[in-house]
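Contents: one structure, followed by commentary.
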Amino acid sequence: MNADSATILLVEDDPEIRRLVSTMMQHEGYRVEVASDGPAMDVVMQGVQPDLVILDLMLPGEDGLSICRRLRTTNTVPILMLTAKSEEVDRVIGLEMGADDYLSKPFGPRELLARVRALLRRAQGVLPMADNRRYAFDRFVVDLDARLLLLSDDRREIDLTSAEFDMLACFILRPRRVLSRDHILDRLHGRQIEPFDRSVDMLVSRLRKKLRAAAPGTDLIRTIRNGGYLLTSPVARVP
């Protein structure tokens with residue numbers, strides 16, 4: 001996605017952070033909408049469908065965790081959650097609720113911009129791992145080009161967030177291979193794993209739940225002790 005075609009919604013109650021982030025993103029060519037809390041965000045989203053939401057965890061009234069959960073009931077827009085360094089438990093909960101990535105405050109402008117660009121690339125399928133093919137595995141068909149996951153029997157679409165789909169693509173292109181957390185995080189975010197970083201584990205957990213809900217009895221992603229994760233099903237390319 002080109003910067004000049006992307007709209008970012010910043011939900012942040014600190015006016016100085018809103019000003020600094022908005023100025024920086026606009027300087028990079030993005031359109032920016034701002035909201036100071038949940039109700040203001042709802043008003044903005046009545047008229048704008050953002051390509052990315054930057055969501056502060058600590059907000060007045062409805063907090064970021066509740067907003068994230070609410071957004072995920074109807075929307076797969078990428079969500080970058082802003083947290084304080086001491087809020088490890090809340091970061092994990094945020095990832096469980098459906099956030100795609102998080103960034104701890106205080107953060108540097110370059111780091112924020114890198115996270116934004118990575119999430120927008122992923123949302124558009126511009127990933128170095130994807131090769132625009134269709135694959136069948138277990139009871140599913142995945143189209144990496146159209147970014148669709150379907151049940152093979154009735155062609156029902158399984159809703160995945162951009163982060164969940166990219167996690168699946170990582171496994172599909174490397175079936176029956178143990179993928180370390182560092183390898184997965186580098187593929188998804190282009191960065192190394194940090195101490196106590198649970199983002200990969202949370203994404204795997206979310207993906208597992210959706211696969212099991214769509215096809216009960218499946219257990220397709222195995223945890224390898226001290227190794228990482230692997231997709232247990234054979235994968236075949238389909239026309």
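Labeling convention for the structure tokens: chains A, B, ... as they appear, residues from 1 per chain, ligands from 1 in order of appearance.
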
As a PyMOL selection string, which residues of stretch 33-99 of chain A does DSSP assign to helix (DSSP H, G or I)?
chain A and resi 38-47+64-72+88-97

Enumerate as a ChimeraX atom specification all residues of stretch 30-171 of chain A assigned to strand (DSSP E) by DSSP on the backbone, naming them with the chain letters and numbers the document uses.
/A:31-35,52-56,79-84,101-105,134-137,140-143,148-151

With distances taken over only C-alpha atoms, which of A:Arg174, A:Arg181, A:Arg91, A:Arg187 is nearest to A:Thr232?
A:Arg174

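Excluding A:Leu203 and any residue on its chain fewer than 5 positions from it, the residues at most 9 Å away by only C-alpha atoms are Leu95, Glu96, Gly98, Asp100, Ala163, Glu164, Met167, Arg198 and Arg208 of chain A.
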
Write a file of the just-selected residues containing C-alpha atoms, as a compact mmCIF listing (two decimals), in the first residue's frame.
```txt
# COMPACT_ATOMS: atom_id res chain seq x y z
CA LEU A 95 -2.74 -9.77 21.65
CA GLU A 96 -5.32 -12.31 22.80
CA GLY A 98 -6.86 -9.42 18.48
CA ASP A 100 -1.66 -7.36 15.57
CA ALA A 163 -1.52 -10.99 11.47
CA GLU A 164 -3.26 -14.36 11.76
CA MET A 167 1.17 -16.47 10.56
CA ARG A 198 4.62 -13.17 23.76
CA ARG A 208 -5.23 -22.54 16.50
```

Any idea what's packed within 8 Å of A:Val116, counting only C-alpha atoms, ignoring anything in its chain fewer than 3 positions away? Could you give it as a ChimeraX atom specification?
/A:52,80,112-113,119-120

Keeping only C-alpha atoms, take the residues you just selected and write them out as a short mmCIF file (atom, residue, chain, number, x, y, z; two decimals), in the first residue's frame.
```cif
data_model
loop_
_atom_site.label_atom_id
_atom_site.label_comp_id
_atom_site.auth_asym_id
_atom_site.auth_seq_id
_atom_site.Cartn_x
_atom_site.Cartn_y
_atom_site.Cartn_z
CA LEU A 52 -4.62 0.88 10.39
CA LEU A 80 -1.05 -1.51 16.71
CA LEU A 112 6.76 3.46 15.23
CA LEU A 113 7.04 4.16 11.51
CA LEU A 119 1.45 -3.80 9.30
CA LEU A 120 0.25 -1.98 6.20
#
```

Residues within 10 Å of stretch 14-27 of chain A, only C-alpha atoms, excluding chain neighbours under 3 positions, as a JSON list (two decimals) with C-alpha atoms, in the first residue's frame:
```json
[["chain", "number", "residue", "atom", "x", "y", "z"],
["A", 3, "ALA", "CA", 1.54, 5.92, 1.87],
["A", 4, "ASP", "CA", -0.68, 8.40, 0.05],
["A", 7, "THR", "CA", -5.49, 6.23, 6.33],
["A", 8, "ILE", "CA", -4.32, 5.82, 9.92],
["A", 9, "LEU", "CA", -6.65, 6.29, 12.88],
["A", 10, "LEU", "CA", -4.80, 7.30, 16.05],
["A", 11, "VAL", "CA", -6.75, 6.75, 19.28],
["A", 30, "TYR", "CA", -0.32, 9.10, 5.33],
["A", 31, "ARG", "CA", -3.76, 10.49, 5.97],
["A", 32, "VAL", "CA", -4.36, 10.69, 9.71],
["A", 33, "GLU", "CA", -7.58, 10.76, 11.73],
["A", 34, "VAL", "CA", -7.42, 11.25, 15.49],
["A", 35, "ALA", "CA", -9.65, 10.39, 18.44],
["A", 36, "SER", "CA", -9.12, 10.90, 22.14],
["A", 54, "ILE", "CA", -2.93, 2.91, 16.45],
["A", 56, "ASP", "CA", -3.42, 3.47, 23.20],
["A", 58, "MET", "CA", -4.72, 3.49, 28.73],
["A", 59, "LEU", "CA", -7.69, 5.63, 27.71],
["A", 109, "PRO", "CA", 9.64, 7.78, 15.73],
["A", 110, "ARG", "CA", 11.56, 5.39, 13.47],
["A", 112, "LEU", "CA", 6.76, 3.46, 15.23],
["A", 113, "LEU", "CA", 7.04, 4.16, 11.51],
["A", 116, "VAL", "CA", 3.18, 0.96, 10.81]]
```

Identify, on the basis of only C-alpha atoms, every residue whose closest approach to A:Leu230 does not exceed 12 Å; exclude the query and any residue fewer than 4 positions from it along the same chain; express the result as an mmCIF file with N, CA and C atoms, in the first residue's frame.
```
data_model
loop_
_atom_site.group_PDB
_atom_site.id
_atom_site.type_symbol
_atom_site.label_atom_id
_atom_site.label_comp_id
_atom_site.auth_asym_id
_atom_site.auth_seq_id
_atom_site.Cartn_x
_atom_site.Cartn_y
_atom_site.Cartn_z
ATOM 1 N N MET A 167 0.654 -15.347 9.785
ATOM 2 C CA MET A 167 1.173 -16.470 10.558
ATOM 3 C C MET A 167 0.888 -17.778 9.834
ATOM 4 N N LEU A 168 -0.348 -17.930 9.333
ATOM 5 C CA LEU A 168 -0.707 -19.135 8.592
ATOM 6 C C LEU A 168 0.166 -19.282 7.347
ATOM 7 N N CYS A 170 3.119 -18.269 6.854
ATOM 8 C CA CYS A 170 4.456 -18.667 7.269
ATOM 9 C C CYS A 170 4.541 -20.186 7.406
ATOM 10 N N PHE A 171 3.506 -20.796 7.982
ATOM 11 C CA PHE A 171 3.480 -22.250 8.144
ATOM 12 C C PHE A 171 3.227 -22.959 6.810
ATOM 13 N N ILE A 172 2.324 -22.401 6.004
ATOM 14 C CA ILE A 172 1.951 -23.056 4.747
ATOM 15 C C ILE A 172 3.158 -23.193 3.825
ATOM 16 N N LEU A 173 3.994 -22.187 3.784
ATOM 17 C CA LEU A 173 5.154 -22.215 2.900
ATOM 18 C C LEU A 173 6.324 -22.995 3.483
ATOM 19 N N ARG A 174 6.172 -23.442 4.735
ATOM 20 C CA ARG A 174 7.224 -24.244 5.378
ATOM 21 C C ARG A 174 6.580 -25.371 6.189
ATOM 22 N N PRO A 175 5.784 -26.222 5.541
ATOM 23 C CA PRO A 175 5.082 -27.276 6.285
ATOM 24 C C PRO A 175 6.047 -28.315 6.843
ATOM 25 N N ARG A 176 5.656 -28.863 7.992
ATOM 26 C CA ARG A 176 6.426 -29.939 8.628
ATOM 27 C C ARG A 176 7.871 -29.540 8.918
ATOM 28 N N ARG A 177 8.063 -28.237 9.104
ATOM 29 C CA ARG A 177 9.368 -27.739 9.531
ATOM 30 C C ARG A 177 9.172 -26.962 10.821
ATOM 31 N N VAL A 178 10.079 -27.158 11.768
ATOM 32 C CA VAL A 178 10.002 -26.428 13.025
ATOM 33 C C VAL A 178 10.451 -24.993 12.788
ATOM 34 N N LEU A 179 9.565 -24.059 13.102
ATOM 35 C CA LEU A 179 9.868 -22.638 12.947
ATOM 36 C C LEU A 179 10.053 -22.033 14.334
ATOM 37 N N SER A 180 11.211 -21.456 14.571
ATOM 38 C CA SER A 180 11.471 -20.842 15.867
ATOM 39 C C SER A 180 10.674 -19.549 16.007
ATOM 40 N N ARG A 181 10.509 -19.104 17.216
ATOM 41 C CA ARG A 181 9.814 -17.834 17.457
ATOM 42 C C ARG A 181 10.573 -16.682 16.809
ATOM 43 N N HIS A 183 12.427 -16.807 14.131
ATOM 44 C CA HIS A 183 12.215 -16.885 12.683
ATOM 45 C C HIS A 183 10.849 -16.327 12.314
ATOM 46 N N ILE A 184 9.822 -16.717 13.068
ATOM 47 C CA ILE A 184 8.459 -16.259 12.768
ATOM 48 C C ILE A 184 8.353 -14.749 12.939
ATOM 49 N N VAL A 204 -0.191 -17.622 17.497
ATOM 50 C CA VAL A 204 -0.381 -19.054 17.275
ATOM 51 C C VAL A 204 -1.631 -19.533 17.995
ATOM 52 N N ARG A 208 -4.790 -21.197 16.120
ATOM 53 C CA ARG A 208 -5.233 -22.543 16.498
ATOM 54 C C ARG A 208 -6.732 -22.561 16.812
ATOM 55 N N ASP A 219 -5.816 -30.586 14.910
ATOM 56 C CA ASP A 219 -4.729 -30.124 15.777
ATOM 57 C C ASP A 219 -3.511 -29.942 14.883
ATOM 58 N N LEU A 220 -3.502 -28.837 14.151
ATOM 59 C CA LEU A 220 -2.587 -28.687 13.031
ATOM 60 C C LEU A 220 -1.263 -28.021 13.372
ATOM 61 N N ILE A 221 -1.228 -27.265 14.466
ATOM 62 C CA ILE A 221 0.005 -26.559 14.815
ATOM 63 C C ILE A 221 0.518 -27.121 16.129
ATOM 64 N N ARG A 222 1.668 -27.749 16.068
ATOM 65 C CA ARG A 222 2.236 -28.410 17.242
ATOM 66 C C ARG A 222 3.318 -27.537 17.866
ATOM 67 N N THR A 223 3.316 -27.484 19.183
ATOM 68 C CA THR A 223 4.370 -26.794 19.914
ATOM 69 C C THR A 223 5.540 -27.750 20.119
ATOM 70 N N ILE A 224 6.722 -27.324 19.729
ATOM 71 C CA ILE A 224 7.935 -28.119 19.893
ATOM 72 C C ILE A 224 8.735 -27.515 21.048
ATOM 73 N N ARG A 225 8.890 -28.273 22.092
ATOM 74 C CA ARG A 225 9.558 -27.769 23.285
ATOM 75 C C ARG A 225 10.964 -27.279 22.955
ATOM 76 N N PRO A 234 0.376 -32.264 5.761
ATOM 77 C CA PRO A 234 0.979 -32.068 4.442
ATOM 78 C C PRO A 234 0.280 -30.916 3.716
#
```

Report, in Å with one decimal, the straight-line distance from atom CA of A:Pro39 to atom CA of A:Val92.
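Between atom CA of A:Pro39 and atom CA of A:Val92 the gap works out to 24.4 Å.
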
Env of A:Val141: 6 Å cut, atoms = only C-alpha atoms, seq-sep filter 6 positions within chain, self excluded. Answer as a ChimeraX atom specification.
/A:135,149-150,152

Could you write those residues out with N, CA and C atoms, as a PDB file, in the first residue's frame?
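Contents of part_5.pdb, freshly written:
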```pdb
ATOM      1  N   TYR A 135      -3.065 -23.306  -1.875  1.00  0.00           N
ATOM      2  CA  TYR A 135      -2.611 -24.548  -1.276  1.00  0.00           C
ATOM      3  C   TYR A 135      -3.764 -25.214  -0.532  1.00  0.00           C
ATOM      4  N   LEU A 149      -8.865 -17.877   3.469  1.00  0.00           N
ATOM      5  CA  LEU A 149      -8.814 -19.226   4.012  1.00  0.00           C
ATOM      6  C   LEU A 149     -10.217 -19.790   3.936  1.00  0.00           C
ATOM      7  N   LEU A 150     -10.368 -20.935   3.269  1.00  0.00           N
ATOM      8  CA  LEU A 150     -11.676 -21.543   3.042  1.00  0.00           C
ATOM      9  C   LEU A 150     -11.683 -22.969   3.556  1.00  0.00           C
ATOM     10  N   SER A 152     -12.558 -26.627   2.719  1.00  0.00           N
ATOM     11  CA  SER A 152     -12.575 -27.252   1.409  1.00  0.00           C
ATOM     12  C   SER A 152     -13.905 -27.919   1.086  1.00  0.00           C
TER      13      SER A 152
END
```

One residue among A:Arg155, A:Arg147, A:Phe165, A:Arg139 is nearest to A:Ser233 when using only C-alpha atoms, and that residue is A:Arg139

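Atom CA of A:Phe137 is positioned 26.2 Å from atom CA of A:Val77.
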
Between A:Ala146, A:Leu231, A:Leu55, A:Val44, which is the closest to A:Arg133 once you count only C-alpha atoms?
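Closest to A:Arg133, using only C-alpha atoms: A:Ala146.
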
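One finds atom CA of A:Pro78 at 14.4 Å from atom CA of A:Leu65.
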